[in-house]
$ cat model.cif   # mmCIF, C-alpha atoms
data_final
loop_
_atom_site.label_atom_id
_atom_site.label_comp_id
_atom_site.auth_asym_id
_atom_site.auth_seq_id
_atom_site.Cartn_x
_atom_site.Cartn_y
_atom_site.Cartn_z
CA MET A 745 116.10 112.28 84.38
CA ILE A 746 116.50 108.51 84.72
CA PHE A 747 117.95 106.72 87.71
CA VAL A 748 119.54 103.28 87.61
CA THR A 749 121.15 103.24 91.00
CA ARG A 750 122.54 101.03 93.69
CA SER A 751 123.16 103.63 96.40
CA ARG A 752 124.16 102.48 99.86
CA SER A 753 123.32 105.63 101.81
CA ALA A 754 120.84 103.65 103.89
CA SER A 755 123.05 100.68 104.65
CA VAL A 756 122.94 101.47 108.35
CA VAL A 757 119.16 101.51 108.28
CA CYS A 758 118.94 98.15 106.59
CA SER A 759 121.46 96.22 108.61
CA VAL A 760 118.86 93.48 108.86
CA THR A 761 120.18 90.01 108.14
CA LYS A 762 118.99 88.09 105.12
CA MET A 763 117.48 85.46 107.35
CA GLN A 764 115.03 87.97 108.77
CA TYR A 765 113.16 88.00 105.50
CA LEU A 766 112.50 84.24 105.57
CA LEU A 767 112.10 84.27 101.80
CA SER A 768 113.66 81.99 99.24
CA ARG A 769 115.50 83.92 96.56
CA ASP A 770 115.34 80.80 94.37
CA THR A 771 111.62 81.41 93.73
CA LEU A 772 111.73 85.19 93.51
CA ALA A 773 111.50 87.36 90.45
CA GLN A 774 114.60 89.37 89.71
CA ASN A 775 113.76 92.81 88.33
CA VAL A 776 111.69 95.60 89.85
CA LEU A 777 110.95 99.05 88.42
CA PHE A 778 110.36 101.93 90.86
CA TYR A 779 108.33 104.61 89.11
CA THR A 780 108.49 107.99 90.88
CA GLU A 781 106.99 110.54 88.48
CA THR A 782 104.47 112.99 89.95
CA SER A 783 102.04 115.38 88.32
CA LYS A 784 100.98 117.12 91.55
CA ASN A 785 102.80 117.58 94.87
CA ARG A 786 106.00 115.61 95.39
CA HIS A 787 107.09 113.84 98.57
CA GLY A 788 110.48 114.77 99.95
CA VAL A 789 111.00 111.22 101.18
CA ILE A 790 111.33 109.62 97.73
CA ASP A 791 115.13 109.66 97.38
CA PHE A 792 115.74 108.58 100.96
CA ALA A 793 113.17 105.77 100.72
CA TYR A 794 114.60 104.41 97.48
CA ASP A 795 118.10 104.39 98.94
CA ALA A 796 116.87 102.61 102.07
CA ILE A 797 115.36 99.69 100.19
CA GLN A 798 118.39 98.91 98.00
CA THR A 799 120.38 96.76 100.43
CA PRO A 800 117.59 94.32 101.38
CA LEU A 801 116.50 93.93 97.76
CA ASP A 802 120.08 93.32 96.68
CA ASP A 803 120.47 90.75 99.47
CA LEU A 804 117.53 88.88 97.96
CA GLY A 805 118.98 88.96 94.46
CA TRP A 806 116.73 91.64 93.01
CA ASN A 807 117.81 94.23 90.43
CA ALA A 808 116.14 97.57 91.16
CA THR A 809 115.71 100.35 88.61
CA ARG A 810 114.23 103.77 89.31
CA THR A 811 112.85 106.26 86.82
CA ASP A 812 111.24 109.67 87.25
CA VAL A 813 109.93 109.60 83.68
CA SER A 814 107.77 107.10 81.85
CA GLU A 815 109.30 107.60 78.40
CA GLY A 816 111.28 104.57 77.30
CA TYR A 817 110.12 102.46 80.25
CA PHE A 818 106.39 101.94 79.78
CA THR A 819 106.64 100.29 76.39
CA PRO A 820 105.91 96.62 75.61
CA THR A 821 109.59 95.83 75.04
CA SER A 822 110.95 97.63 78.09
CA LEU A 823 108.31 96.36 80.52
CA GLU A 824 109.24 92.78 79.62
CA HIS A 825 112.45 93.30 81.63
CA TYR A 826 110.46 93.65 84.87
CA ASP A 827 108.54 91.32 87.13
CA VAL A 828 107.16 94.04 89.43
CA VAL A 829 106.37 97.72 88.98
CA VAL A 830 106.26 99.83 92.15
CA PHE A 831 104.23 103.03 92.03
CA PHE A 832 106.43 104.88 94.49
CA TYR A 833 104.87 108.07 95.88
CA ASN A 834 103.26 109.13 92.60
CA THR A 835 100.54 111.80 92.70
CA GLY A 836 97.97 113.40 90.40
CA ASP A 837 94.36 112.75 89.40
CA ASP A 838 94.68 114.51 86.08
CA MET A 839 94.78 113.25 82.49
CA PRO A 840 96.95 112.09 80.91
CA GLY A 841 98.80 112.26 84.21
CA ILE A 842 101.89 110.15 84.82
CA LEU A 843 101.27 107.84 81.82
CA ASP A 844 100.05 108.67 78.33
CA PRO A 845 97.44 106.50 76.55
CA ASN A 846 100.01 104.30 74.80
CA GLU A 847 101.92 103.75 78.05
CA LYS A 848 98.73 102.88 79.90
CA ALA A 849 97.83 100.28 77.28
CA ALA A 850 101.33 98.76 77.39
CA PHE A 851 101.26 98.67 81.19
CA GLN A 852 97.85 96.98 81.27
CA ASP A 853 98.94 94.31 78.79
CA TRP A 854 102.11 93.66 80.81
CA TYR A 855 100.20 93.44 84.09
CA ARG A 856 97.43 91.18 82.73
CA ALA A 857 100.06 88.63 81.72
CA GLY A 858 100.38 87.72 85.41
CA ARG A 859 102.72 90.41 86.70
CA GLY A 860 102.80 92.20 90.04
CA VAL A 861 102.23 95.80 91.12
CA VAL A 862 103.00 97.52 94.43
CA GLY A 863 101.59 100.86 95.51
CA VAL A 864 103.26 102.86 98.28
CA HIS A 865 101.49 105.65 100.19
CA SER A 866 100.49 108.31 97.65
CA ALA A 867 100.09 105.77 94.90
CA ALA A 868 96.49 106.06 96.08
CA ASP A 869 96.62 109.82 95.45
CA THR A 870 96.99 109.04 91.75
CA TYR A 871 94.15 108.58 89.23
CA GLN A 872 91.51 108.37 91.97
CA THR A 873 88.77 109.22 89.47
CA ALA A 874 90.53 109.88 86.16
CA TRP A 875 91.42 106.22 85.51
CA PRO A 876 88.96 103.76 87.12
CA TRP A 877 91.03 100.70 86.18
CA TYR A 878 94.02 102.03 88.09
CA ASN A 879 91.84 102.93 91.06
CA GLN A 880 90.59 99.34 91.20
CA LEU A 881 94.13 98.01 90.75
CA ILE A 882 95.37 99.99 93.77
CA GLY A 883 92.14 99.33 95.65
CA ALA A 884 91.30 102.83 96.89
CA GLY A 885 91.70 106.53 96.28
CA PHE A 886 93.07 109.08 98.75
CA ARG A 887 90.42 111.35 100.29
CA ASN A 888 92.25 113.38 102.97
CA HIS A 889 94.36 113.01 106.10
CA PRO A 890 94.75 114.56 109.54
CA GLU A 891 98.02 115.81 111.01
CA ILE A 892 100.90 113.36 111.34
CA GLN A 893 100.59 111.48 114.63
CA GLU A 894 101.07 108.14 116.33
CA ALA A 895 98.50 105.37 115.82
CA THR A 896 98.22 101.61 116.13
CA VAL A 897 98.05 99.25 113.17
CA ARG A 898 96.25 95.95 113.83
CA ILE A 899 97.76 93.05 111.89
CA GLU A 900 95.03 90.73 110.56
CA ASP A 901 97.09 88.29 108.47
CA PRO A 902 100.34 87.62 110.36
CA SER A 903 101.35 85.00 107.77
CA PHE A 904 101.64 87.56 104.95
CA ASP A 905 105.22 88.33 103.89
CA ALA A 906 104.84 92.08 104.42
CA VAL A 907 103.87 91.77 108.10
CA ASN A 908 105.02 88.33 109.33
CA HIS A 909 107.86 89.96 111.29
CA LEU A 910 105.67 92.56 113.01
CA PRO A 911 103.83 92.55 116.36
CA GLU A 912 100.08 92.04 116.31
CA ASN A 913 99.63 95.66 117.38
CA TRP A 914 102.17 97.82 115.55
CA THR A 915 102.48 101.40 116.80
CA LEU A 916 104.12 104.00 114.59
CA THR A 917 103.94 107.67 113.65
CA ASP A 918 102.77 108.39 110.13
CA GLU A 919 100.37 110.34 107.94
CA TRP A 920 97.10 108.39 108.12
CA TYR A 921 95.08 108.44 104.92
CA ASN A 922 91.31 108.37 104.81
CA PHE A 923 90.23 106.51 101.69
CA ASP A 924 87.43 106.22 99.18
CA TYR A 925 87.72 102.48 98.60
CA ALA A 926 87.25 101.17 95.07
CA TYR A 927 85.01 98.38 96.36
CA ASP A 928 82.00 98.43 98.67
CA PRO A 929 82.62 96.93 101.08
CA PRO A 930 86.42 96.89 100.70
CA ARG A 931 86.68 93.31 101.93
CA SER A 932 84.48 92.10 99.08
CA GLN A 933 87.53 92.29 96.80
CA LEU A 934 90.54 93.21 98.95
CA HIS A 935 92.48 90.83 101.17
CA VAL A 936 92.90 93.07 104.22
CA ILE A 937 96.32 92.51 105.79
CA ALA A 938 96.11 95.25 108.41
CA THR A 939 93.83 98.05 109.60
CA VAL A 940 94.57 101.27 111.46
CA ASP A 941 92.65 101.64 114.73
CA GLU A 942 90.90 105.00 114.58
CA SER A 943 90.43 104.99 118.36
CA THR A 944 94.22 105.43 118.72
CA TYR A 945 94.48 108.76 116.85
CA SER A 946 92.44 111.80 115.83
CA GLY A 947 91.04 112.53 112.39
CA GLY A 948 90.21 109.09 111.00
CA ASN A 949 86.87 108.96 109.19
CA ASN A 950 86.68 105.50 107.61
CA GLY A 951 85.14 104.12 110.78
CA LEU A 952 85.65 100.92 112.73
CA ASP A 953 86.99 99.07 109.68
CA HIS A 954 89.83 101.13 108.19
CA PRO A 955 92.07 98.94 105.98
CA ILE A 956 95.55 100.42 105.57
CA ILE A 957 97.50 97.48 104.04
CA TRP A 958 95.99 95.01 101.58
CA SER A 959 96.54 92.80 98.55
CA HIS A 960 94.35 91.27 95.88
CA TYR A 961 94.34 89.35 92.63
CA PHE A 962 92.95 91.69 90.02
CA ASP A 963 92.44 91.37 86.27
CA GLY A 964 95.07 88.66 85.77
CA GLY A 965 97.83 89.98 88.03
CA ARG A 966 98.72 90.67 91.68
CA SER A 967 98.49 93.96 93.56
CA PHE A 968 99.84 94.97 96.99
CA TYR A 969 99.29 98.34 98.63
CA THR A 970 100.51 100.00 101.83
CA GLY A 971 99.23 103.38 102.96
CA LEU A 972 102.25 103.87 105.20
CA GLY A 973 105.59 105.59 104.68
CA HIS A 974 105.19 109.37 104.60
CA ARG A 975 108.19 110.11 106.81
CA LYS A 976 111.92 109.48 106.48
CA ALA A 977 111.78 108.18 110.04
CA ASN A 978 109.66 105.29 108.77
CA TRP A 979 112.41 104.29 106.37
CA ARG A 980 115.01 104.39 109.14
CA ASP A 981 113.14 101.53 110.82
CA PRO A 982 114.28 98.09 109.54
CA ASP A 983 110.84 96.67 110.37
CA PHE A 984 109.21 99.18 108.03
CA VAL A 985 111.72 98.55 105.24
CA GLN A 986 111.12 94.83 105.58
CA HIS A 987 107.37 95.50 105.38
CA VAL A 988 107.71 97.05 101.91
CA VAL A 989 110.22 94.42 100.75
CA GLY A 990 107.75 91.71 101.75
CA GLY A 991 105.05 93.33 99.62
CA ILE A 992 107.38 93.47 96.62
CA THR A 993 108.43 89.83 96.95
CA TRP A 994 104.79 88.72 97.22
CA ALA A 995 103.84 90.73 94.12
CA GLY A 996 106.75 89.28 92.17
CA THR A 997 106.35 85.64 93.17
CA GLU A 998 103.86 83.30 91.56
CA GLU A 999 103.91 81.04 94.60
CA GLU A 1000 101.92 82.59 97.46
CA HIS A 1001 104.04 83.03 100.59
CA SER A 1002 100.91 83.75 102.60
CA THR A 1003 98.72 80.72 103.23
CA SER A 1004 95.62 82.82 103.83
CA GLN A 1005 95.22 84.19 100.32
CA THR A 1006 95.00 81.83 97.38
CA ARG A 1007 94.67 82.60 93.71
CA PRO A 1008 91.05 82.41 92.52
CA PRO A 1009 90.08 80.21 89.56
CA ALA A 1010 91.07 81.59 86.19
CA ASN A 1011 87.49 82.49 85.24
CA SER A 1012 86.48 84.05 88.54
CA LYS A 1013 89.24 86.53 89.45
CA GLU A 1014 87.68 89.74 88.16
CA PRO A 1015 84.97 90.91 85.75
CA ASN A 1016 85.93 91.02 82.09
CA TYR A 1017 86.75 94.49 80.82
CA PRO A 1018 85.94 95.79 77.33
CA PRO A 1019 88.83 96.25 74.92
CA ILE A 1020 90.94 99.37 75.30
CA PRO A 1021 90.43 101.77 72.38
CA SER A 1022 93.34 101.69 69.97
CA PRO A 1023 95.74 104.59 70.58
CA THR A 1024 95.91 107.30 67.97
CA SER A 1025 99.61 106.66 67.53
CA ALA A 1026 101.56 103.44 67.68
CA PRO A 1027 103.45 102.86 70.92
CA THR A 1028 107.19 103.00 70.71
CA ASN A 1029 109.07 99.76 71.15
CA GLU A 1030 112.30 101.42 72.24
CA PRO A 1031 113.44 99.65 75.41
CA GLY A 1032 114.51 101.42 78.54
CA PRO A 1033 117.80 100.53 80.21
CA VAL A 1034 118.11 96.88 81.14
CA PRO A 1035 118.66 96.44 84.91
CA THR A 1036 122.29 95.79 85.64
CA LYS A 1037 124.34 95.02 88.72
CA GLU A 1038 126.60 97.77 90.00
CA PRO A 1039 129.46 97.74 92.49
CA THR A 1040 128.72 97.94 96.19
CA TYR A 1041 129.26 101.33 97.81
CA LEU A 1042 130.37 102.06 101.34
CA PRO A 1043 127.64 103.14 103.78
CA ILE A 1044 127.05 106.83 104.11
CA PRO A 1045 126.03 108.04 107.61
CA LEU A 1046 122.39 108.94 107.90
CA PRO A 1047 121.46 112.60 108.41
CA THR A 1048 120.75 113.60 111.99
CA THR A 1049 117.91 115.90 111.06
CA ASP A 1050 114.98 115.34 108.79
CA PRO A 1051 113.03 118.36 107.50
CA THR A 1052 110.33 116.13 105.99
CA ASP A 1053 109.56 114.64 109.40
CA GLU A 1054 107.90 117.84 110.50
CA PRO A 1055 104.18 117.32 111.12
CA SER A 1056 102.03 118.34 108.19
CA PRO A 1057 98.80 120.28 108.76
CA ALA A 1058 95.56 118.45 108.31
CA GLN A 1059 94.03 118.75 104.87
CA THR A 1060 90.67 120.49 104.88
CA ASN A 1061 89.78 121.23 101.29
CA LYS A 1062 90.32 117.98 99.41
CA PRO A 1063 87.23 117.22 97.26
CA THR A 1064 85.30 114.10 98.17
CA TYR A 1065 85.43 111.30 95.61
CA PRO A 1066 82.71 108.70 94.94
CA THR A 1067 82.70 105.86 97.43
CA THR A 1068 82.65 103.11 94.84
CA ILE A 1069 83.59 102.64 91.23
CA SER A 1070 81.93 100.00 89.14
CA PRO A 1071 84.51 97.63 87.58
CA THR A 1072 82.97 98.19 84.15
CA SER A 1073 82.44 101.95 84.34
CA GLY A 1074 84.69 104.68 83.14
CA PRO A 1075 87.23 104.82 80.33
CA LEU A 1076 90.10 102.41 80.38
CA ASP A 1077 92.56 104.71 78.68
CA GLY A 1078 93.48 106.44 81.78
CA LEU A 1079 96.04 104.79 84.99
CA ILE A 1080 97.67 103.87 89.37
CA VAL A 1081 99.24 104.65 93.82
CA VAL A 1082 98.48 107.38 97.11
CA HIS A 1083 98.84 110.86 98.99
CA ALA A 1084 97.64 114.53 99.55
CA ILE A 1085 97.41 117.45 102.07
CA ASN A 1086 97.58 121.25 102.29
CA ALA A 1087 95.18 122.46 99.64
CA GLY A 1088 95.34 119.20 97.77
CA ALA A 1089 98.73 117.91 98.85
CA GLY A 1090 99.25 114.44 100.35
#
$ encode --input "model.cif" --output "structure tokens"
Amino acid sequence: MIFVTRSRSASVVCSVTKMQYLLSRDTLAQNVLFYTETSKNRHGVIDFAYDAIQTPLDDLGWNATRTDVSEGYFTPTSLEHYDVVVFFYNTGDDMPGILDPNEKAAFQDWYRAGRGVVGVHSAADTYQTAWPWYNQLIGAGFRNHPEIQEATVRIEDPSFDAVNHLPENWTLTDEWYNFDYAYDPPRSQLHVIATVDESTYSGGNNGLDHPIIWSHYFDGGRSFYTGLGHRKANWRDPDFVQHVVGGITWAGTEEEHSTSQTRPPANSKEPNYPPIPSPTSAPTNEPGPVPTKEPTYLPIPLPTTDPTDEPSPAQTNKPTYPTTISPTSGPLDGLIVVHAINAGAG
């Protein structure tokens, strides 16, 4: 099933004025693809979260498209319609997983041409080991998480678009991922935007330095990741919605909004990767639907109860993944974003 929507069911949530974003729509890219396919457990927040982000993106002049399937979207022709791809609560460390070999190759070519990618929450619970290139693109793989609880996020780069509206110490209730970072140490390749303070909650095991929001220039393109957003309550908070919107606008804009992270020289961004083996069958060039504007809908009142906000039990049997992945190791015909709990669910 394919979604090309412009729902307004979260209009009340996103009653934030355009000026709050402090972004110039004249320099922004216009089209973003939200990819929500899963090959493992599926988050109940997906529909609500996608609805919540529509109004602020529309206010900035973006056309948003959502698809639960890759067919017809991850082709060279169709991907050319988009400036940013958001891996939105995907899951699964299997092969082929959420993209087949031809789709992976098309996606890599599109991204390496200078495009942007955003990973939200369980985007890191996707291809943790099965596709090393994707793991490096996202920046980490999900290991496990404790029960949902309140914790404090420490903002390290207050100039970055995704956090420039937030307090230095941001307290919220969420599902706090422990990660196996793709780089050792993480800061050797990742621009850490914020960490979660493990002294403010129980069950963290990444230690004193626990990055939870980051960005980096990788293999020719731009990547932003946030580990936050498990609960519908997060998406009812305009500050949280603005956080994700800021990550999307950074990923889709060639001009850096943050003064603390600059693009590295062309020959020093990332190691060179060997060619991807030719697929056994030629990729299809059939385009997916071109993003189009739709009429504005009246706000729909938000639900008063939220079954997905119930605390989830801590995960105890998630296998441990390697701490690091060499940039040149592993096949490149595999793919990216984060989440798991309850016997492997995130």
$ resolve_selection --input "model.cif" --expression "the PyMOL selection byres ((chain A and resi 794) around 9)" --output "list in words"
Ser751, Ala754, Phe778, Val789, Ile790, Asp791, Phe792, Ala793, Asp795, Ala796, Ile797, Gln798, Arg810 and Phe832 of chain A
$ closest_atom_pairs --input "model.cif" --of "stretch 838-864 of chain A" --to "stretch 961-985 of chain A" --cutoff "9 Å" --atoms "only C-alpha atoms" --output "Markdown table"
| residue | atom | partner | partner_atom | distance |
| --- | --- | --- | --- | --- |
| A:Tyr855 | CA | A:Gly965 | CA | 5.8 |
| A:Arg856 | CA | A:Gly964 | CA | 4.6 |
| A:Ala857 | CA | A:Gly964 | CA | 6.4 |
| A:Gly858 | CA | A:Gly965 | CA | 4.3 |
| A:Arg859 | CA | A:Gly965 | CA | 5.1 |
| A:Gly860 | CA | A:Arg966 | CA | 4.7 |
| A:Val861 | CA | A:Ser967 | CA | 4.8 |
| A:Val862 | CA | A:Phe968 | CA | 4.8 |
| A:Gly863 | CA | A:Tyr969 | CA | 4.6 |
| A:Val864 | CA | A:Thr970 | CA | 5.3 |
$ write_last_selection --input "model.cif" --atoms "C-alpha atoms" --output "PDB file, keeping the file's coordinate frame"
ATOM      1  CA  TYR A 855     100.200  93.440  84.090  1.00  0.00           C
ATOM      2  CA  ARG A 856      97.430  91.180  82.730  1.00  0.00           C
ATOM      3  CA  ALA A 857     100.060  88.630  81.720  1.00  0.00           C
ATOM      4  CA  GLY A 858     100.380  87.720  85.410  1.00  0.00           C
ATOM      5  CA  ARG A 859     102.720  90.410  86.700  1.00  0.00           C
ATOM      6  CA  GLY A 860     102.800  92.200  90.040  1.00  0.00           C
ATOM      7  CA  VAL A 861     102.230  95.800  91.120  1.00  0.00           C
ATOM      8  CA  VAL A 862     103.000  97.520  94.430  1.00  0.00           C
ATOM      9  CA  GLY A 863     101.590 100.860  95.510  1.00  0.00           C
ATOM     10  CA  VAL A 864     103.260 102.860  98.280  1.00  0.00           C
TER      11      VAL A 864
END
$ resolve_selection --input "model.cif" --expression "the PyMOL selection byres ((chain A and resi 899) around 10)" --output "list in words"
Thr896, Val897, Arg898, Glu900, Asp901, Pro902, Ser903, Phe904, Val907, Asn908, Leu910, Pro911, Glu912, Asn913, Trp914, Val936, Ile937, Ala938, Thr939, Val940, Ile956 and Ile957 of chain A
$ resolve_selection --input "model.cif" --expression "the PyMOL selection byres ((chain A and resi 842) around 7)" --output "JSON, numbers by chain"
{"A": [781, 782, 783, 840, 841, 843, 844]}
$ atom_distance --input "model.cif" --atom1 "atom CA of A:Ala850" --atom2 "atom CA of A:Gly805"
26.4 Å
$ atom_distance --input "model.cif" --atom1 "atom CA of A:Asn922" --atom2 "atom CA of A:Gly885"
8.7 Å
$ atom_distance --input "model.cif" --atom1 "atom CA of A:Ser822" --atom2 "atom CA of A:Pro845"
16.2 Å
$ closest_residue --input "model.cif" --among "A:His825, A:Arg931, A:His889, A:His954" --to "A:Asn807" --atoms "only C-alpha atoms"
A:His825
$ closest_residue --input "model.cif" --among "A:Trp958, A:Tyr945, A:Tyr817, A:Tyr878" --to "A:Pro930" --atoms "all atoms listed in the file"
A:Trp958
$ closest_residue --input "model.cif" --among "A:Ala867, A:Pro890, A:Asn785, A:Asn949" --to "A:Val830" --atoms "all atoms listed in the file"
A:Ala867
$ closest_residue --input "model.cif" --among "A:Asn834, A:Leu804, A:Gly947, A:Asn888" --to "A:Tyr921" --atoms "only C-alpha atoms"
A:Asn888
$ residues_near_point --input "model.cif" --point "(97.2, 102.9, 91.8)" --cutoff "8 Å" --atoms "all atoms listed in the file" --output "number ranges by chain"
A: 831, 863, 867-872, 878-885, 1079-1082
$ write_last_selection --input "model.cif" --atoms "C-alpha atoms" --output "PDB file, in the coordinates of the input"
ATOM      1  CA  PHE A 831     104.230 103.030  92.030  1.00  0.00           C
ATOM      2  CA  GLY A 863     101.590 100.860  95.510  1.00  0.00           C
ATOM      3  CA  ALA A 867     100.090 105.770  94.900  1.00  0.00           C
ATOM      4  CA  ALA A 868      96.490 106.060  96.080  1.00  0.00           C
ATOM      5  CA  ASP A 869      96.620 109.820  95.450  1.00  0.00           C
ATOM      6  CA  THR A 870      96.990 109.040  91.750  1.00  0.00           C
ATOM      7  CA  TYR A 871      94.150 108.580  89.230  1.00  0.00           C
ATOM      8  CA  GLN A 872      91.510 108.370  91.970  1.00  0.00           C
ATOM      9  CA  TYR A 878      94.020 102.030  88.090  1.00  0.00           C
ATOM     10  CA  ASN A 879      91.840 102.930  91.060  1.00  0.00           C
ATOM     11  CA  GLN A 880      90.590  99.340  91.200  1.00  0.00           C
ATOM     12  CA  LEU A 881      94.130  98.010  90.750  1.00  0.00           C
ATOM     13  CA  ILE A 882      95.370  99.990  93.770  1.00  0.00           C
ATOM     14  CA  GLY A 883      92.140  99.330  95.650  1.00  0.00           C
ATOM     15  CA  ALA A 884      91.300 102.830  96.890  1.00  0.00           C
ATOM     16  CA  GLY A 885      91.700 106.530  96.280  1.00  0.00           C
ATOM     17  CA  LEU A1079      96.040 104.790  84.990  1.00  0.00           C
ATOM     18  CA  ILE A1080      97.670 103.870  89.370  1.00  0.00           C
ATOM     19  CA  VAL A1081      99.240 104.650  93.820  1.00  0.00           C
ATOM     20  CA  VAL A1082      98.480 107.380  97.110  1.00  0.00           C
TER      21      VAL A1082
END
$ decode --input "model.cif" --residues "stretch 911-922 of chain A" --atoms "N, CA, C and O atoms" --output "mmCIF file, in the first residue's frame"
data_model
loop_
_atom_site.group_PDB
_atom_site.id
_atom_site.type_symbol
_atom_site.label_atom_id
_atom_site.label_comp_id
_atom_site.auth_asym_id
_atom_site.auth_seq_id
_atom_site.Cartn_x
_atom_site.Cartn_y
_atom_site.Cartn_z
ATOM 1 N N PRO A 911 16.119 23.744 25.191
ATOM 2 C CA PRO A 911 16.961 24.121 26.327
ATOM 3 C C PRO A 911 18.239 23.290 26.336
ATOM 4 O O PRO A 911 18.299 22.203 25.739
ATOM 5 N N GLU A 912 19.240 23.769 27.018
ATOM 6 C CA GLU A 912 20.516 23.054 27.079
ATOM 7 C C GLU A 912 20.346 21.671 27.695
ATOM 8 O O GLU A 912 20.995 20.713 27.279
ATOM 9 N N ASN A 913 19.479 21.557 28.675
ATOM 10 C CA ASN A 913 19.157 20.280 29.299
ATOM 11 C C ASN A 913 17.682 19.986 29.027
ATOM 12 O O ASN A 913 16.796 20.615 29.604
ATOM 13 N N TRP A 914 17.434 19.056 28.128
ATOM 14 C CA TRP A 914 16.089 18.760 27.636
ATOM 15 C C TRP A 914 15.607 17.470 28.283
ATOM 16 O O TRP A 914 16.167 16.396 28.032
ATOM 17 N N THR A 915 14.589 17.547 29.115
ATOM 18 C CA THR A 915 14.063 16.384 29.816
ATOM 19 C C THR A 915 12.811 15.880 29.117
ATOM 20 O O THR A 915 11.888 16.656 28.849
ATOM 21 N N LEU A 916 12.793 14.587 28.813
ATOM 22 C CA LEU A 916 11.629 13.993 28.175
ATOM 23 C C LEU A 916 11.570 12.510 28.491
ATOM 24 O O LEU A 916 12.564 11.906 28.917
ATOM 25 N N THR A 917 10.406 11.930 28.288
ATOM 26 C CA THR A 917 10.194 10.501 28.497
ATOM 27 C C THR A 917 10.237 9.801 27.150
ATOM 28 O O THR A 917 9.548 10.192 26.212
ATOM 29 N N ASP A 918 11.060 8.750 27.067
ATOM 30 C CA ASP A 918 11.221 8.064 25.784
ATOM 31 C C ASP A 918 11.777 6.675 26.039
ATOM 32 O O ASP A 918 11.979 6.254 27.187
ATOM 33 N N GLU A 919 12.023 5.964 24.953
ATOM 34 C CA GLU A 919 12.657 4.652 24.988
ATOM 35 C C GLU A 919 14.124 4.872 24.608
ATOM 36 O O GLU A 919 14.425 5.227 23.468
ATOM 37 N N TRP A 920 15.022 4.658 25.547
ATOM 38 C CA TRP A 920 16.419 5.064 25.385
ATOM 39 C C TRP A 920 17.261 3.911 24.859
ATOM 40 O O TRP A 920 17.523 2.938 25.572
ATOM 41 N N TYR A 921 17.692 4.037 23.626
ATOM 42 C CA TYR A 921 18.483 2.993 22.983
ATOM 43 C C TYR A 921 19.911 2.966 23.516
ATOM 44 O O TYR A 921 20.536 4.011 23.712
ATOM 45 N N ASN A 922 20.424 1.759 23.708
ATOM 46 C CA ASN A 922 21.855 1.530 23.815
ATOM 47 C C ASN A 922 22.340 1.108 22.434
ATOM 48 O O ASN A 922 21.659 0.338 21.738
#
